[in-house]
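For reference, protein.cif is printed below; it contains mmCIF, C-alpha atoms.
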```cif
data_data
#
loop_
_atom_site.label_atom_id
_atom_site.label_comp_id
_atom_site.auth_asym_id
_atom_site.auth_seq_id
_atom_site.Cartn_x
_atom_site.Cartn_y
_atom_site.Cartn_z
CA MET W 1 -29.85 49.67 20.26
CA TRP W 2 -27.15 50.53 17.73
CA PRO W 3 -26.12 54.16 17.25
CA ASP W 4 -26.35 56.01 13.93
CA ILE W 5 -22.73 55.58 12.90
CA GLU W 6 -23.30 57.27 9.54
CA LEU W 7 -24.42 60.48 11.24
CA ALA W 8 -21.58 60.20 13.77
CA VAL W 9 -18.98 59.88 11.00
CA ILE W 10 -20.53 62.79 9.10
CA LYS W 11 -20.32 65.01 12.19
CA GLY W 12 -16.79 63.87 13.00
CA VAL W 13 -15.49 64.30 9.45
CA ARG W 14 -17.22 67.67 9.11
CA ALA W 15 -15.47 68.88 12.27
CA GLY W 16 -12.15 67.41 11.13
CA LEU W 17 -12.27 68.97 7.67
CA GLY W 18 -13.59 72.35 8.74
CA GLY W 19 -15.03 73.56 5.47
CA PRO W 20 -16.17 71.19 2.75
CA ARG W 21 -19.80 70.11 2.69
CA VAL W 22 -20.12 66.65 4.32
CA THR W 23 -23.40 64.83 3.74
CA ASP W 24 -25.00 61.39 3.30
CA GLU W 25 -25.96 61.74 -0.37
CA VAL W 26 -24.60 63.37 -3.48
CA PRO W 27 -26.27 66.75 -3.78
CA ALA W 28 -27.95 67.80 -7.02
CA LYS W 29 -25.56 69.82 -9.20
CA VAL W 30 -22.60 68.66 -7.10
CA GLU W 31 -20.27 70.34 -9.60
CA THR W 32 -21.46 73.75 -8.33
CA LEU W 33 -20.82 72.86 -4.65
CA LEU W 34 -17.29 71.40 -4.73
CA PRO W 35 -15.59 70.23 -2.62
CA VAL W 36 -18.09 67.71 -1.24
CA VAL W 37 -17.63 64.60 0.92
CA VAL W 38 -20.34 61.93 1.00
CA VAL W 39 -20.44 59.37 3.85
CA GLN W 40 -22.62 56.26 3.49
CA VAL W 41 -22.83 53.03 5.45
CA ALA W 42 -21.90 50.18 3.12
CA GLY W 43 -22.43 47.16 5.38
CA GLY W 44 -21.50 45.61 8.68
CA ALA W 45 -22.24 43.05 11.34
CA ASP W 46 -22.37 42.73 15.12
CA ASP W 47 -21.70 40.17 17.82
CA ARG W 48 -24.34 41.70 20.14
CA ILE W 49 -21.63 43.69 21.92
CA THR W 50 -19.56 45.28 19.17
CA ASP W 51 -21.01 46.77 16.01
CA THR W 52 -18.63 46.62 13.06
CA VAL W 53 -19.66 48.95 10.25
CA THR W 54 -18.13 49.59 6.84
CA VAL W 55 -18.47 53.14 5.63
CA ASP W 56 -17.77 54.50 2.15
CA VAL W 57 -16.35 58.00 1.98
CA ALA W 58 -16.56 59.64 -1.46
CA CYS W 59 -14.65 62.85 -2.08
CA PHE W 60 -15.73 65.10 -4.95
CA ALA W 61 -13.49 67.87 -6.28
CA ALA W 62 -12.95 69.93 -9.42
CA ASP W 63 -9.65 68.36 -10.50
CA ARG W 64 -7.42 65.39 -9.78
CA ALA W 65 -5.01 67.19 -7.44
CA ALA W 66 -7.86 68.64 -5.35
CA MET W 67 -9.57 65.22 -5.28
CA TRP W 68 -6.46 63.48 -3.88
CA GLN W 69 -5.86 66.25 -1.37
CA LEU W 70 -9.47 66.06 -0.14
CA ALA W 71 -9.37 62.25 -0.03
CA GLU W 72 -6.25 62.33 2.15
CA ARG W 73 -7.71 64.97 4.46
CA ALA W 74 -10.90 62.89 4.75
CA ARG W 75 -8.86 59.77 5.50
CA GLN W 76 -7.06 61.58 8.31
CA ALA W 77 -10.38 62.87 9.66
CA VAL W 78 -11.94 59.39 9.65
CA HIS W 79 -8.92 57.81 11.35
CA ALA W 80 -8.93 60.59 13.96
CA LEU W 81 -12.34 59.28 15.12
CA ALA W 82 -10.77 56.17 16.67
CA ALA W 83 -10.99 56.14 20.48
CA THR W 84 -13.22 59.22 20.50
CA MET W 85 -16.85 60.19 20.76
CA ALA W 86 -18.32 61.64 17.55
CA GLY W 87 -21.92 62.74 17.28
CA GLY W 88 -22.63 61.14 20.66
CA VAL W 89 -21.23 57.76 19.55
CA VAL W 90 -18.17 56.08 21.06
CA ILE W 91 -16.01 54.91 18.17
CA ASP W 92 -13.50 52.31 19.31
CA THR W 93 -11.45 51.61 16.20
CA VAL W 94 -11.09 52.74 12.59
CA ASP W 95 -9.31 50.71 9.91
CA THR W 96 -8.96 51.27 6.19
CA GLU W 97 -10.64 48.52 4.17
CA GLN W 98 -9.91 50.15 0.80
CA ARG W 99 -7.67 53.19 0.45
CA PRO W 100 -8.98 56.08 -1.66
CA VAL W 101 -9.19 55.20 -5.35
CA GLU W 102 -10.45 57.29 -8.21
CA VAL W 103 -13.87 56.22 -9.46
CA PRO W 104 -15.17 57.88 -12.66
CA TYR W 105 -18.22 60.04 -12.02
CA GLY W 106 -19.48 60.64 -15.54
CA ASN W 107 -19.22 64.41 -15.34
CA PRO W 108 -16.01 66.01 -16.69
CA ALA W 109 -16.33 68.83 -14.14
CA VAL W 110 -16.14 66.40 -11.20
CA ARG W 111 -13.42 64.04 -9.97
CA ARG W 112 -14.31 61.43 -7.33
CA ALA W 113 -12.22 59.27 -5.01
CA VAL W 114 -13.86 56.61 -2.83
CA ALA W 115 -12.45 54.86 0.23
CA THR W 116 -13.95 52.28 2.59
CA TYR W 117 -13.32 52.22 6.33
CA ARG W 118 -14.27 49.70 9.04
CA LEU W 119 -15.36 51.21 12.34
CA THR W 120 -16.26 49.48 15.58
CA THR W 121 -18.59 50.82 18.21
CA ARG W 122 -20.79 49.48 20.98
CA GLY W 123 -24.56 49.42 21.36
CA ARG W 124 -26.27 51.89 23.63
CA THR W 125 -28.19 50.84 26.67
CA GLY W 126 -31.68 52.15 27.27
CA PRO W 127 -34.15 53.76 24.82
#
```
Could I get this structure in the form of structure tokens?
Amino acid sequence: MWPDIELAVIKGVRAGLGGPRVTDEVPAKVETLLPVVVVQVAGGADDRITDTVTVDVACFAADRAAMWQLAERARQAVHALAATMAGGVVIDTVDTEQRPVEVPYGNPAVRRAVATYRLTTRGRTGP
């Protein structure tokens, strides 16, 4: 049985950032809730022992400077999960697949940077 790595990363990043909302989907009226970090599983594979998961981390902020600052803080929080237990999940490694890059959001009140990370974990035994 594979653990819920998305939830584990959300809990770990939330603890590491200590303030911004961290969730698994963009909230309605995100521009009124900034800053916001959205964590979503983007893909992955396993070899029946190790689960390798790619996770997108989108950082939403009111301006470019705040966006880059939040993206860097989120990157540090994700990398800090390596060799730890987050949300009850042992995370072995964390690597950056794609560093944070600005991705237009379509709302002039919101700036967004997205990064992709590769995490490895192991399956749980039992139910």
>> Here's the selection I'm unsure about, the PyMOL selection byres ((chain W and resi 89) around 9); applied to the file above, which residues does it give, as JSON, numbers by chain?
In response: {"W": [3, 4, 5, 8, 84, 85, 86, 87, 88, 90, 91, 121, 122, 124]}
> Which is closest to Leu33 in chain W among W:Leu7, W:Ala61, W:Leu17, W:Ala71, if we use only C-alpha atoms?
Replying inline: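 Comparing W:Leu7, W:Ala61, W:Leu17, W:Ala71 against Leu33 in chain W, the winner is W:Ala61.
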>> Applying 12 Å and all atoms listed in the file, which residues near Gly44 in chain W remain after dropping the ones on its own chain fewer than 3 positions away? List them as a count of residues only.
In response: 19
>> Which residues would end up in the selection if the PyMOL selection byres ((chain W and resi 37-39) around 6) were applied here, given that I need the answer as a VMD selection string?
In response: chain W and resid 22 to 25 36 40 56 to 59
Those residues you just picked out, can you put them in a file as a tab-separated table (two decimals), keeping the file's coordinate frame with C-alpha atoms?
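The file below, again.tsv, is the result:
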```tsv
chain	number	residue	atom	x	y	z
W	22	VAL	CA	-20.12	66.65	4.32
W	23	THR	CA	-23.40	64.83	3.74
W	24	ASP	CA	-25.00	61.39	3.30
W	25	GLU	CA	-25.96	61.74	-0.37
W	36	VAL	CA	-18.09	67.71	-1.24
W	40	GLN	CA	-22.62	56.26	3.49
W	56	ASP	CA	-17.77	54.50	2.15
W	57	VAL	CA	-16.35	58.00	1.98
W	58	ALA	CA	-16.56	59.64	-1.46
W	59	CYS	CA	-14.65	62.85	-2.08
```
>> Counting only C-alpha atoms, which residue out of W:Asp46, W:Pro35, W:Trp68, W:Tyr105 sits closest to Gly18 in chain W?
In response: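 Closest to Gly18 in chain W of all the choices is W:Pro35.
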Please put the answer as lines of an AutoDock Vina configuration file: centre and edge lengths, in Å with one decimal, of a box along x, y and z that encloses all listed atoms of range 39-53 of chain W plus 6 Å on each side.
```
center_x = -21.5
center_y = 49.8
center_z = 12.5
size_x = 17.7
size_y = 31.2
size_z = 30.8
```
>> Just want the 12 Å neighbourhood of Pro104 in chain W, counted on all atoms listed in the file, with same-chain residues fewer than 5 positions away dropped. Output as an MDAnalysis selection string.
In response: chainID W and resid 58:61 64 67 109:114
> What is the distance, in Å and to one decimal place, between CA of Val30 in chain W and CA of Asn107 in chain W?
Replying inline: 9.9 Å
>> Between W:Arg99, W:Arg14, W:Gly106, W:Thr32, which residue has the minimum interatomic distance to Ala62 in chain W, considering only C-alpha atoms?
In response: W:Thr32
>> Just the number, please: distance in Å from CA of Asp63 in chain W to CA of Ala80 in chain W, one decimal.
In response: 25.7 Å
> From the list W:Ala66, W:Ala115, W:Val101, W:Ala15, which residue is nearest Leu34 in chain W when using only C-alpha atoms?
Replying inline: W:Ala66
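Of the residues under consideration (W:Pro108, W:Arg48, W:Val26, W:Thr96), W:Thr96 shows the shortest atom-to-atom contact distance to Ala74 in chain W when counting only C-alpha atoms.
Taking CA of His79 in chain W and CA of Ala28 in chain W as the two end points, the separation is 28.3 Å.
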May I ask you to restore N, CA and C atoms in range 17-31 of chain W and write the result as a PDB file, keeping the file's coordinate frame?
```pdb
ATOM      1  N   LEU W  17     -12.622  68.304   8.925  1.00  0.00           N
ATOM      2  CA  LEU W  17     -12.270  68.970   7.670  1.00  0.00           C
ATOM      3  C   LEU W  17     -12.438  70.481   7.743  1.00  0.00           C
ATOM      4  N   GLY W  18     -13.402  70.921   8.545  1.00  0.00           N
ATOM      5  CA  GLY W  18     -13.590  72.350   8.740  1.00  0.00           C
ATOM      6  C   GLY W  18     -13.838  73.158   7.480  1.00  0.00           C
ATOM      7  N   GLY W  19     -14.735  72.743   6.642  1.00  0.00           N
ATOM      8  CA  GLY W  19     -15.030  73.560   5.470  1.00  0.00           C
ATOM      9  C   GLY W  19     -15.871  72.890   4.418  1.00  0.00           C
ATOM     10  N   PRO W  20     -15.381  71.823   3.809  1.00  0.00           N
ATOM     11  CA  PRO W  20     -16.170  71.190   2.750  1.00  0.00           C
ATOM     12  C   PRO W  20     -17.522  70.681   3.261  1.00  0.00           C
ATOM     13  N   ARG W  21     -18.498  70.676   2.364  1.00  0.00           N
ATOM     14  CA  ARG W  21     -19.800  70.110   2.690  1.00  0.00           C
ATOM     15  C   ARG W  21     -19.620  68.619   2.915  1.00  0.00           C
ATOM     16  N   VAL W  22     -20.163  68.083   4.017  1.00  0.00           N
ATOM     17  CA  VAL W  22     -20.120  66.650   4.320  1.00  0.00           C
ATOM     18  C   VAL W  22     -21.560  66.214   4.530  1.00  0.00           C
ATOM     19  N   THR W  23     -21.994  65.217   3.756  1.00  0.00           N
ATOM     20  CA  THR W  23     -23.400  64.830   3.740  1.00  0.00           C
ATOM     21  C   THR W  23     -23.528  63.329   3.537  1.00  0.00           C
ATOM     22  N   ASP W  24     -24.779  62.822   3.480  1.00  0.00           N
ATOM     23  CA  ASP W  24     -25.000  61.390   3.300  1.00  0.00           C
ATOM     24  C   ASP W  24     -25.515  61.040   1.903  1.00  0.00           C
ATOM     25  N   GLU W  25     -25.593  62.029   1.022  1.00  0.00           N
ATOM     26  CA  GLU W  25     -25.960  61.740  -0.370  1.00  0.00           C
ATOM     27  C   GLU W  25     -25.367  62.803  -1.278  1.00  0.00           C
ATOM     28  N   VAL W  26     -25.170  62.433  -2.515  1.00  0.00           N
ATOM     29  CA  VAL W  26     -24.600  63.370  -3.480  1.00  0.00           C
ATOM     30  C   VAL W  26     -25.642  64.442  -3.775  1.00  0.00           C
ATOM     31  N   PRO W  27     -25.298  65.703  -3.517  1.00  0.00           N
ATOM     32  CA  PRO W  27     -26.270  66.750  -3.780  1.00  0.00           C
ATOM     33  C   PRO W  27     -26.483  66.971  -5.278  1.00  0.00           C
ATOM     34  N   ALA W  28     -27.670  67.429  -5.631  1.00  0.00           N
ATOM     35  CA  ALA W  28     -27.950  67.800  -7.020  1.00  0.00           C
ATOM     36  C   ALA W  28     -26.963  68.888  -7.426  1.00  0.00           C
ATOM     37  N   LYS W  29     -26.517  68.841  -8.663  1.00  0.00           N
ATOM     38  CA  LYS W  29     -25.560  69.820  -9.200  1.00  0.00           C
ATOM     39  C   LYS W  29     -24.302  69.898  -8.334  1.00  0.00           C
ATOM     40  N   VAL W  30     -23.784  68.727  -7.953  1.00  0.00           N
ATOM     41  CA  VAL W  30     -22.600  68.660  -7.100  1.00  0.00           C
ATOM     42  C   VAL W  30     -21.455  69.487  -7.664  1.00  0.00           C
ATOM     43  N   GLU W  31     -21.374  69.596  -8.976  1.00  0.00           N
ATOM     44  CA  GLU W  31     -20.270  70.340  -9.600  1.00  0.00           C
ATOM     45  C   GLU W  31     -20.265  71.816  -9.212  1.00  0.00           C
TER      46      GLU W  31
END
```
